[in-house]
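So this one's structure.pdb, PDB, N, CA and C atoms, pLDDT in the B column:
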```
ATOM      1  N   MET A  13       0.822  -1.182   0.000  1.00 93.00           N
ATOM      2  CA  MET A  13       0.000   0.000   0.000  1.00 93.00           C
ATOM      3  C   MET A  13       0.878   1.262   0.000  1.00 93.00           C
ATOM      4  N   LEU A  14       1.943   1.221   0.789  1.00 94.00           N
ATOM      5  CA  LEU A  14       2.861   2.366   0.836  1.00 94.00           C
ATOM      6  C   LEU A  14       3.530   2.563  -0.515  1.00 94.00           C
ATOM      7  N   ASN A  15       4.029   1.478  -1.086  1.00 92.00           N
ATOM      8  CA  ASN A  15       4.707   1.569  -2.385  1.00 92.00           C
ATOM      9  C   ASN A  15       3.766   2.048  -3.477  1.00 92.00           C
ATOM     10  N   ARG A  16       2.547   1.546  -3.472  1.00 93.00           N
ATOM     11  CA  ARG A  16       1.573   1.953  -4.481  1.00 93.00           C
ATOM     12  C   ARG A  16       1.279   3.443  -4.382  1.00 93.00           C
ATOM     13  N   ALA A  17       1.046   3.928  -3.154  1.00 95.00           N
ATOM     14  CA  ALA A  17       0.749   5.352  -2.956  1.00 95.00           C
ATOM     15  C   ALA A  17       1.939   6.214  -3.364  1.00 95.00           C
ATOM     16  N   GLU A  18       3.131   5.760  -3.000  1.00 93.00           N
ATOM     17  CA  GLU A  18       4.335   6.508  -3.375  1.00 93.00           C
ATOM     18  C   GLU A  18       4.492   6.545  -4.888  1.00 93.00           C
ATOM     19  N   GLY A  19       4.215   5.427  -5.550  1.00 93.00           N
ATOM     20  CA  GLY A  19       4.299   5.360  -6.999  1.00 93.00           C
ATOM     21  C   GLY A  19       3.324   6.292  -7.694  1.00 93.00           C
ATOM     22  N   LEU A  20       2.228   6.603  -7.019  1.00 95.00           N
ATOM     23  CA  LEU A  20       1.241   7.532  -7.553  1.00 95.00           C
ATOM     24  C   LEU A  20       1.589   8.984  -7.250  1.00 95.00           C
ATOM     25  N   GLY A  21       2.716   9.191  -6.558  1.00 95.00           N
ATOM     26  CA  GLY A  21       3.168  10.542  -6.248  1.00 95.00           C
ATOM     27  C   GLY A  21       2.534  11.150  -5.014  1.00 95.00           C
ATOM     28  N   ARG A  22       1.879  10.335  -4.204  1.00 96.00           N
ATOM     29  CA  ARG A  22       1.252  10.868  -2.996  1.00 96.00           C
ATOM     30  C   ARG A  22       2.312  11.201  -1.958  1.00 96.00           C
ATOM     31  N   THR A  23       2.009  12.129  -1.086  1.00 96.00           N
ATOM     32  CA  THR A  23       2.935  12.531  -0.031  1.00 96.00           C
ATOM     33  C   THR A  23       2.558  11.939   1.319  1.00 96.00           C
ATOM     34  N   GLU A  24       1.404  11.259   1.363  1.00 97.00           N
ATOM     35  CA  GLU A  24       0.995  10.582   2.590  1.00 97.00           C
ATOM     36  C   GLU A  24      -0.133   9.613   2.262  1.00 97.00           C
ATOM     37  N   ILE A  25      -0.342   8.653   3.167  1.00 98.00           N
ATOM     38  CA  ILE A  25      -1.450   7.716   3.026  1.00 98.00           C
ATOM     39  C   ILE A  25      -1.897   7.278   4.416  1.00 98.00           C
ATOM     40  N   ALA A  26      -3.185   7.286   4.641  1.00 98.00           N
ATOM     41  CA  ALA A  26      -3.754   6.766   5.884  1.00 98.00           C
ATOM     42  C   ALA A  26      -4.109   5.304   5.647  1.00 98.00           C
ATOM     43  N   ILE A  27      -3.557   4.437   6.481  1.00 98.00           N
ATOM     44  CA  ILE A  27      -3.818   3.004   6.352  1.00 98.00           C
ATOM     45  C   ILE A  27      -4.535   2.537   7.607  1.00 98.00           C
ATOM     46  N   ASN A  28      -5.613   1.808   7.385  1.00 97.00           N
ATOM     47  CA  ASN A  28      -6.443   1.256   8.450  1.00 97.00           C
ATOM     48  C   ASN A  28      -6.171  -0.245   8.545  1.00 97.00           C
ATOM     49  N   ALA A  29      -6.094  -0.772   9.754  1.00 94.00           N
ATOM     50  CA  ALA A  29      -5.771  -2.185   9.957  1.00 94.00           C
ATOM     51  C   ALA A  29      -6.776  -3.109   9.293  1.00 94.00           C
ATOM     52  N   GLN A  30      -8.054  -2.779   9.335  1.00 91.00           N
ATOM     53  CA  GLN A  30      -9.058  -3.618   8.699  1.00 91.00           C
ATOM     54  C   GLN A  30      -8.855  -3.647   7.186  1.00 91.00           C
ATOM     55  N   ASP A  31      -8.539  -2.483   6.596  1.00 93.00           N
ATOM     56  CA  ASP A  31      -8.288  -2.432   5.156  1.00 93.00           C
ATOM     57  C   ASP A  31      -7.056  -3.243   4.771  1.00 93.00           C
ATOM     58  N   LEU A  32      -6.013  -3.144   5.582  1.00 93.00           N
ATOM     59  CA  LEU A  32      -4.797  -3.911   5.316  1.00 93.00           C
ATOM     60  C   LEU A  32      -5.081  -5.404   5.434  1.00 93.00           C
ATOM     61  N   ASP A  33      -5.824  -5.801   6.460  1.00 90.00           N
ATOM     62  CA  ASP A  33      -6.199  -7.203   6.637  1.00 90.00           C
ATOM     63  C   ASP A  33      -6.984  -7.696   5.428  1.00 90.00           C
ATOM     64  N   GLU A  34      -7.888  -6.875   4.939  1.00 89.00           N
ATOM     65  CA  GLU A  34      -8.683  -7.249   3.770  1.00 89.00           C
ATOM     66  C   GLU A  34      -7.795  -7.454   2.544  1.00 89.00           C
ATOM     67  N   GLU A  35      -6.805  -6.580   2.392  1.00 89.00           N
ATOM     68  CA  GLU A  35      -5.925  -6.683   1.229  1.00 89.00           C
ATOM     69  C   GLU A  35      -5.027  -7.921   1.281  1.00 89.00           C
ATOM     70  N   VAL A  36      -4.501  -8.253   2.445  1.00 86.00           N
ATOM     71  CA  VAL A  36      -3.564  -9.377   2.527  1.00 86.00           C
ATOM     72  C   VAL A  36      -4.235 -10.708   2.830  1.00 86.00           C
ATOM     73  N   ASP A  37      -5.429 -10.669   3.403  1.00 75.00           N
ATOM     74  CA  ASP A  37      -6.049 -11.913   3.851  1.00 75.00           C
ATOM     75  C   ASP A  37      -7.378 -12.194   3.173  1.00 75.00           C
ATOM     76  N   GLY A  38      -7.854 -11.287   2.328  1.00 73.00           N
ATOM     77  CA  GLY A  38      -9.125 -11.512   1.673  1.00 73.00           C
ATOM     78  C   GLY A  38     -10.316 -11.407   2.598  1.00 73.00           C
ATOM     79  N   TYR A  39     -10.235 -10.568   3.619  1.00 56.00           N
ATOM     80  CA  TYR A  39     -11.321 -10.345   4.564  1.00 56.00           C
ATOM     81  C   TYR A  39     -12.611 -10.180   3.809  1.00 56.00           C
ATOM     82  N   PRO A  40     -13.721 -10.705   4.214  1.00 60.00           N
ATOM     83  CA  PRO A  40     -13.894 -11.418   5.487  1.00 60.00           C
ATOM     84  C   PRO A  40     -13.625 -12.913   5.355  1.00 60.00           C
ATOM     85  N   GLY A  41     -12.403 -13.263   5.441  1.00 56.00           N
ATOM     86  CA  GLY A  41     -12.023 -14.659   5.353  1.00 56.00           C
ATOM     87  C   GLY A  41     -12.088 -15.340   6.703  1.00 56.00           C
ATOM     88  N   ALA A  42     -11.721 -16.587   6.713  1.00 54.00           N
ATOM     89  CA  ALA A  42     -11.810 -17.375   7.936  1.00 54.00           C
ATOM     90  C   ALA A  42     -10.684 -17.057   8.912  1.00 54.00           C
ATOM     91  N   SER A  43      -9.522 -16.621   8.420  1.00 59.00           N
ATOM     92  CA  SER A  43      -8.386 -16.391   9.315  1.00 59.00           C
ATOM     93  C   SER A  43      -7.975 -14.922   9.277  1.00 59.00           C
ATOM     94  N   HIS A  44      -8.585 -14.152  10.128  1.00 70.00           N
ATOM     95  CA  HIS A  44      -8.264 -12.732  10.193  1.00 70.00           C
ATOM     96  C   HIS A  44      -6.887 -12.548  10.818  1.00 70.00           C
ATOM     97  N   ARG A  45      -6.160 -11.602  10.311  1.00 85.00           N
ATOM     98  CA  ARG A  45      -4.817 -11.333  10.811  1.00 85.00           C
ATOM     99  C   ARG A  45      -4.683  -9.875  11.224  1.00 85.00           C
ATOM    100  N   VAL A  46      -5.727  -9.331  11.813  1.00 89.00           N
ATOM    101  CA  VAL A  46      -5.725  -7.923  12.204  1.00 89.00           C
ATOM    102  C   VAL A  46      -4.585  -7.627  13.177  1.00 89.00           C
ATOM    103  N   ALA A  47      -4.367  -8.506  14.144  1.00 91.00           N
ATOM    104  CA  ALA A  47      -3.295  -8.264  15.124  1.00 91.00           C
ATOM    105  C   ALA A  47      -1.934  -8.192  14.437  1.00 91.00           C
ATOM    106  N   MET A  48      -1.703  -9.079  13.471  1.00 92.00           N
ATOM    107  CA  MET A  48      -0.436  -9.049  12.737  1.00 92.00           C
ATOM    108  C   MET A  48      -0.330  -7.774  11.900  1.00 92.00           C
ATOM    109  N   CYS A  49      -1.442  -7.345  11.319  1.00 93.00           N
ATOM    110  CA  CYS A  49      -1.446  -6.107  10.539  1.00 93.00           C
ATOM    111  C   CYS A  49      -1.119  -4.921  11.440  1.00 93.00           C
ATOM    112  N   CYS A  50      -1.710  -4.897  12.634  1.00 95.00           N
ATOM    113  CA  CYS A  50      -1.437  -3.815  13.581  1.00 95.00           C
ATOM    114  C   CYS A  50       0.041  -3.788  13.959  1.00 95.00           C
ATOM    115  N   ASP A  51       0.596  -4.956  14.257  1.00 95.00           N
ATOM    116  CA  ASP A  51       2.016  -5.037  14.606  1.00 95.00           C
ATOM    117  C   ASP A  51       2.889  -4.508  13.469  1.00 95.00           C
ATOM    118  N   ALA A  52       2.569  -4.904  12.239  1.00 95.00           N
ATOM    119  CA  ALA A  52       3.348  -4.462  11.080  1.00 95.00           C
ATOM    120  C   ALA A  52       3.225  -2.950  10.884  1.00 95.00           C
ATOM    121  N   MET A  53       2.025  -2.422  11.059  1.00 96.00           N
ATOM    122  CA  MET A  53       1.817  -0.983  10.879  1.00 96.00           C
ATOM    123  C   MET A  53       2.603  -0.183  11.916  1.00 96.00           C
ATOM    124  N   VAL A  54       2.533  -0.603  13.160  1.00 96.00           N
ATOM    125  CA  VAL A  54       3.253   0.110  14.226  1.00 96.00           C
ATOM    126  C   VAL A  54       4.760  -0.001  14.017  1.00 96.00           C
ATOM    127  N   ALA A  55       5.228  -1.163  13.587  1.00 95.00           N
ATOM    128  CA  ALA A  55       6.665  -1.344  13.334  1.00 95.00           C
ATOM    129  C   ALA A  55       7.151  -0.451  12.199  1.00 95.00           C
ATOM    130  N   GLU A  56       6.273  -0.135  11.256  1.00 95.00           N
ATOM    131  CA  GLU A  56       6.641   0.700  10.110  1.00 95.00           C
ATOM    132  C   GLU A  56       6.552   2.195  10.408  1.00 95.00           C
ATOM    133  N   MET A  57       5.999   2.561  11.558  1.00 95.00           N
ATOM    134  CA  MET A  57       5.862   3.988  11.888  1.00 95.00           C
ATOM    135  C   MET A  57       7.212   4.671  12.045  1.00 95.00           C
ATOM    136  N   TRP A  58       7.310   5.843  11.445  1.00 94.00           N
ATOM    137  CA  TRP A  58       8.481   6.700  11.595  1.00 94.00           C
ATOM    138  C   TRP A  58       8.081   7.892  12.445  1.00 94.00           C
ATOM    139  N   SER A  59       9.037   8.691  12.860  1.00 93.00           N
ATOM    140  CA  SER A  59       8.761   9.799  13.769  1.00 93.00           C
ATOM    141  C   SER A  59       7.820  10.846  13.191  1.00 93.00           C
ATOM    142  N   ASP A  60       7.746  10.976  11.875  1.00 93.00           N
ATOM    143  CA  ASP A  60       6.849  11.981  11.295  1.00 93.00           C
ATOM    144  C   ASP A  60       5.511  11.401  10.839  1.00 93.00           C
ATOM    145  N   ASP A  61       5.227  10.138  11.156  1.00 97.00           N
ATOM    146  CA  ASP A  61       3.919   9.544  10.896  1.00 97.00           C
ATOM    147  C   ASP A  61       2.995   9.882  12.065  1.00 97.00           C
ATOM    148  N   ASN A  62       1.690   9.780  11.829  1.00 97.00           N
ATOM    149  CA  ASN A  62       0.717  10.144  12.868  1.00 97.00           C
ATOM    150  C   ASN A  62      -0.279   9.022  13.116  1.00 97.00           C
ATOM    151  N   LEU A  63      -0.492   8.732  14.383  1.00 97.00           N
ATOM    152  CA  LEU A  63      -1.525   7.797  14.788  1.00 97.00           C
ATOM    153  C   LEU A  63      -2.852   8.536  14.739  1.00 97.00           C
ATOM    154  N   LEU A  64      -3.765   8.111  13.877  1.00 98.00           N
ATOM    155  CA  LEU A  64      -5.044   8.796  13.724  1.00 98.00           C
ATOM    156  C   LEU A  64      -6.127   8.201  14.612  1.00 98.00           C
ATOM    157  N   SER A  65      -6.079   6.883  14.793  1.00 97.00           N
ATOM    158  CA  SER A  65      -7.113   6.208  15.577  1.00 97.00           C
ATOM    159  C   SER A  65      -6.558   4.896  16.086  1.00 97.00           C
ATOM    160  N   ALA A  66      -6.932   4.554  17.312  1.00 96.00           N
ATOM    161  CA  ALA A  66      -6.507   3.272  17.871  1.00 96.00           C
ATOM    162  C   ALA A  66      -7.539   2.796  18.880  1.00 96.00           C
ATOM    163  N   PRO A  67      -7.778   1.493  18.912  1.00 94.00           N
ATOM    164  CA  PRO A  67      -8.656   0.948  19.941  1.00 94.00           C
ATOM    165  C   PRO A  67      -7.962   1.042  21.297  1.00 94.00           C
ATOM    166  N   PRO A  68      -8.710   0.900  22.392  1.00 93.00           N
ATOM    167  CA  PRO A  68      -8.121   1.042  23.728  1.00 93.00           C
ATOM    168  C   PRO A  68      -6.890   0.182  23.982  1.00 93.00           C
ATOM    169  N   ASP A  69      -6.872  -1.044  23.491  1.00 91.00           N
ATOM    170  CA  ASP A  69      -5.707  -1.905  23.743  1.00 91.00           C
ATOM    171  C   ASP A  69      -4.633  -1.771  22.660  1.00 91.00           C
ATOM    172  N   GLY A  70      -4.891  -0.920  21.645  1.00 90.00           N
ATOM    173  CA  GLY A  70      -3.904  -0.670  20.602  1.00 90.00           C
ATOM    174  C   GLY A  70      -3.940  -1.640  19.444  1.00 90.00           C
ATOM    175  N   ILE A  71      -4.690  -2.729  19.580  1.00 92.00           N
ATOM    176  CA  ILE A  71      -4.763  -3.726  18.523  1.00 92.00           C
ATOM    177  C   ILE A  71      -6.224  -3.931  18.150  1.00 92.00           C
ATOM    178  N   GLY A  72      -6.528  -3.647  16.894  1.00 92.00           N
ATOM    179  CA  GLY A  72      -7.895  -3.848  16.437  1.00 92.00           C
ATOM    180  C   GLY A  72      -8.133  -3.204  15.090  1.00 92.00           C
ATOM    181  N   GLN A  73      -9.302  -3.456  14.543  1.00 92.00           N
ATOM    182  CA  GLN A  73      -9.631  -3.007  13.203  1.00 92.00           C
ATOM    183  C   GLN A  73      -9.606  -1.502  13.032  1.00 92.00           C
ATOM    184  N   SER A  74      -9.800  -0.749  14.098  1.00 95.00           N
ATOM    185  CA  SER A  74      -9.861   0.713  13.962  1.00 95.00           C
ATOM    186  C   SER A  74      -8.491   1.388  13.955  1.00 95.00           C
ATOM    187  N   LEU A  75      -7.420   0.639  14.177  1.00 97.00           N
ATOM    188  CA  LEU A  75      -6.085   1.245  14.150  1.00 97.00           C
ATOM    189  C   LEU A  75      -5.850   1.882  12.783  1.00 97.00           C
ATOM    190  N   THR A  76      -5.570   3.174  12.782  1.00 98.00           N
ATOM    191  CA  THR A  76      -5.331   3.907  11.545  1.00 98.00           C
ATOM    192  C   THR A  76      -4.121   4.803  11.736  1.00 98.00           C
ATOM    193  N   ILE A  77      -3.177   4.704  10.813  1.00 98.00           N
ATOM    194  CA  ILE A  77      -1.942   5.486  10.879  1.00 98.00           C
ATOM    195  C   ILE A  77      -1.783   6.249   9.571  1.00 98.00           C
ATOM    196  N   ASN A  78      -1.427   7.515   9.669  1.00 98.00           N
ATOM    197  CA  ASN A  78      -1.124   8.326   8.498  1.00 98.00           C
ATOM    198  C   ASN A  78       0.388   8.266   8.279  1.00 98.00           C
ATOM    199  N   PHE A  79       0.793   7.607   7.206  1.00 97.00           N
ATOM    200  CA  PHE A  79       2.208   7.453   6.881  1.00 97.00           C
ATOM    201  C   PHE A  79       2.632   8.540   5.903  1.00 97.00           C
ATOM    202  N   ARG A  80       3.757   9.181   6.174  1.00 96.00           N
ATOM    203  CA  ARG A  80       4.324  10.187   5.267  1.00 96.00           C
ATOM    204  C   ARG A  80       5.120   9.490   4.179  1.00 96.00           C
ATOM    205  N   LEU A  81       5.089  10.063   3.011  1.00 96.00           N
ATOM    206  CA  LEU A  81       5.810   9.519   1.864  1.00 96.00           C
ATOM    207  C   LEU A  81       6.687  10.606   1.276  1.00 96.00           C
ATOM    208  N   PRO A  82       7.798  10.297   0.654  1.00 93.00           N
ATOM    209  CA  PRO A  82       8.341   8.961   0.397  1.00 93.00           C
ATOM    210  C   PRO A  82       9.008   8.384   1.637  1.00 93.00           C
ATOM    211  N   ARG A  83       9.257   7.106   1.630  1.00 86.00           N
ATOM    212  CA  ARG A  83       9.837   6.398   2.769  1.00 86.00           C
ATOM    213  C   ARG A  83      11.211   5.865   2.400  1.00 86.00           C
ATOM    214  N   ARG A  84      12.077   6.737   1.958  1.00 73.00           N
ATOM    215  CA  ARG A  84      13.396   6.310   1.489  1.00 73.00           C
ATOM    216  C   ARG A  84      14.510   6.511   2.522  1.00 73.00           C
ATOM    217  N   TRP A  85      14.342   7.394   3.425  1.00 62.00           N
ATOM    218  CA  TRP A  85      15.466   7.779   4.273  1.00 62.00           C
ATOM    219  C   TRP A  85      15.305   7.274   5.688  1.00 62.00           C
ATOM    220  N   GLN A  86      15.936   7.952   6.603  1.00 50.00           N
ATOM    221  CA  GLN A  86      15.968   7.508   8.000  1.00 50.00           C
ATOM    222  C   GLN A  86      14.603   7.548   8.658  1.00 50.00           C
ATOM    223  N   ARG A  87      14.454   6.695   9.628  1.00 52.00           N
ATOM    224  CA  ARG A  87      13.239   6.682  10.434  1.00 52.00           C
ATOM    225  C   ARG A  87      13.347   7.764  11.445  1.00 52.00           C
TER
END
```
As structure tokens:
Amino acid sequence: MLNRAEGLGRTEIAINAQDLDEEVDGYPGASHRVAMCCDAMVAEMWSDDNLLSAPPDGIGQSLTINFRLPRRWQR
């Protein structure tokens, strides 16, 4: 999703955990991987990215992060 947005010349993209799960797992499939998507999203956060929404425990479908683009340099 980040690469696609960057390829389109965007300077940022908001990614939601449910949307990411749908893209990688074919939601609503039998094996949801929302927790893994949340972990991957948080691990990819850089200092200039913004947390837009998060469930109380930090893991869930509502987790949304605004990622700045391009993502070529230091975190």
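Using only C-alpha atoms, the contacts of Ala66 (chain A) at a cut-off of 12 Å, with sequence neighbours closer than 6 positions omitted, comprise Ile27, Asn28, Ala29, Gln30, Cys50, Met53, Val54, Gly72, Gln73, Ser74, Leu75, Thr76, Ile77 and Asn78 of chain A.
Taking CA of Val46 (chain A) and CA of Ser59 (chain A) as the two end points, the separation is 22.9 Å.
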> Within 12 Å of Gly19 (chain A), counting only C-alpha atoms, which residues qualify if same-chain residues fewer than 6 places away don't, as a ChimeraX atom specification?
Replying inline: /A:13,25,81-83
Mind dumping the selected residues with N, CA and C atoms as a PDB file, in the coordinates of the input?
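Saved the output as out18.pdb:
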```pdb
ATOM      1  N   MET A  13       0.822  -1.182   0.000  1.00 93.00           N
ATOM      2  CA  MET A  13       0.000   0.000   0.000  1.00 93.00           C
ATOM      3  C   MET A  13       0.878   1.262   0.000  1.00 93.00           C
ATOM      4  N   ILE A  25      -0.342   8.653   3.167  1.00 98.00           N
ATOM      5  CA  ILE A  25      -1.450   7.716   3.026  1.00 98.00           C
ATOM      6  C   ILE A  25      -1.897   7.278   4.416  1.00 98.00           C
ATOM      7  N   LEU A  81       5.089  10.063   3.011  1.00 96.00           N
ATOM      8  CA  LEU A  81       5.810   9.519   1.864  1.00 96.00           C
ATOM      9  C   LEU A  81       6.687  10.606   1.276  1.00 96.00           C
ATOM     10  N   PRO A  82       7.798  10.297   0.654  1.00 93.00           N
ATOM     11  CA  PRO A  82       8.341   8.961   0.397  1.00 93.00           C
ATOM     12  C   PRO A  82       9.008   8.384   1.637  1.00 93.00           C
ATOM     13  N   ARG A  83       9.257   7.106   1.630  1.00 86.00           N
ATOM     14  CA  ARG A  83       9.837   6.398   2.769  1.00 86.00           C
ATOM     15  C   ARG A  83      11.211   5.865   2.400  1.00 86.00           C
TER      16      ARG A  83
END
```
> Which of these residues is nearest to Arg45 (chain A), using all atoms listed in the file: A:Asp69, A:Asp33, A:Trp58, A:Ala17?
Replying inline: A:Asp33
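In this model, the gap between CA of Asp60 (chain A) and CA of Glu35 (chain A) comes to 24.8 Å.
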Write down as a tab-separated table (two decimals) with N, CA and C atoms, in the coordinates of the input the residues belonging to chain A that are assigned strand (DSSP E) by DSSP computed on the backbone.
```
chain	number	residue	atom	x	y	z
A	24	GLU	N	1.40	11.26	1.36
A	24	GLU	CA	1.00	10.58	2.59
A	24	GLU	C	-0.13	9.61	2.26
A	25	ILE	N	-0.34	8.65	3.17
A	25	ILE	CA	-1.45	7.72	3.03
A	25	ILE	C	-1.90	7.28	4.42
A	26	ALA	N	-3.18	7.29	4.64
A	26	ALA	CA	-3.75	6.77	5.88
A	26	ALA	C	-4.11	5.30	5.65
A	27	ILE	N	-3.56	4.44	6.48
A	27	ILE	CA	-3.82	3.00	6.35
A	27	ILE	C	-4.54	2.54	7.61
A	28	ASN	N	-5.61	1.81	7.38
A	28	ASN	CA	-6.44	1.26	8.45
A	28	ASN	C	-6.17	-0.24	8.54
A	62	ASN	N	1.69	9.78	11.83
A	62	ASN	CA	0.72	10.14	12.87
A	62	ASN	C	-0.28	9.02	13.12
A	63	LEU	N	-0.49	8.73	14.38
A	63	LEU	CA	-1.52	7.80	14.79
A	63	LEU	C	-2.85	8.54	14.74
A	64	LEU	N	-3.76	8.11	13.88
A	64	LEU	CA	-5.04	8.80	13.72
A	64	LEU	C	-6.13	8.20	14.61
A	65	SER	N	-6.08	6.88	14.79
A	65	SER	CA	-7.11	6.21	15.58
A	65	SER	C	-6.56	4.90	16.09
A	76	THR	N	-5.57	3.17	12.78
A	76	THR	CA	-5.33	3.91	11.54
A	76	THR	C	-4.12	4.80	11.74
A	77	ILE	N	-3.18	4.70	10.81
A	77	ILE	CA	-1.94	5.49	10.88
A	77	ILE	C	-1.78	6.25	9.57
A	78	ASN	N	-1.43	7.52	9.67
A	78	ASN	CA	-1.12	8.33	8.50
A	78	ASN	C	0.39	8.27	8.28
A	79	PHE	N	0.79	7.61	7.21
A	79	PHE	CA	2.21	7.45	6.88
A	79	PHE	C	2.63	8.54	5.90
A	80	ARG	N	3.76	9.18	6.17
A	80	ARG	CA	4.32	10.19	5.27
A	80	ARG	C	5.12	9.49	4.18
```
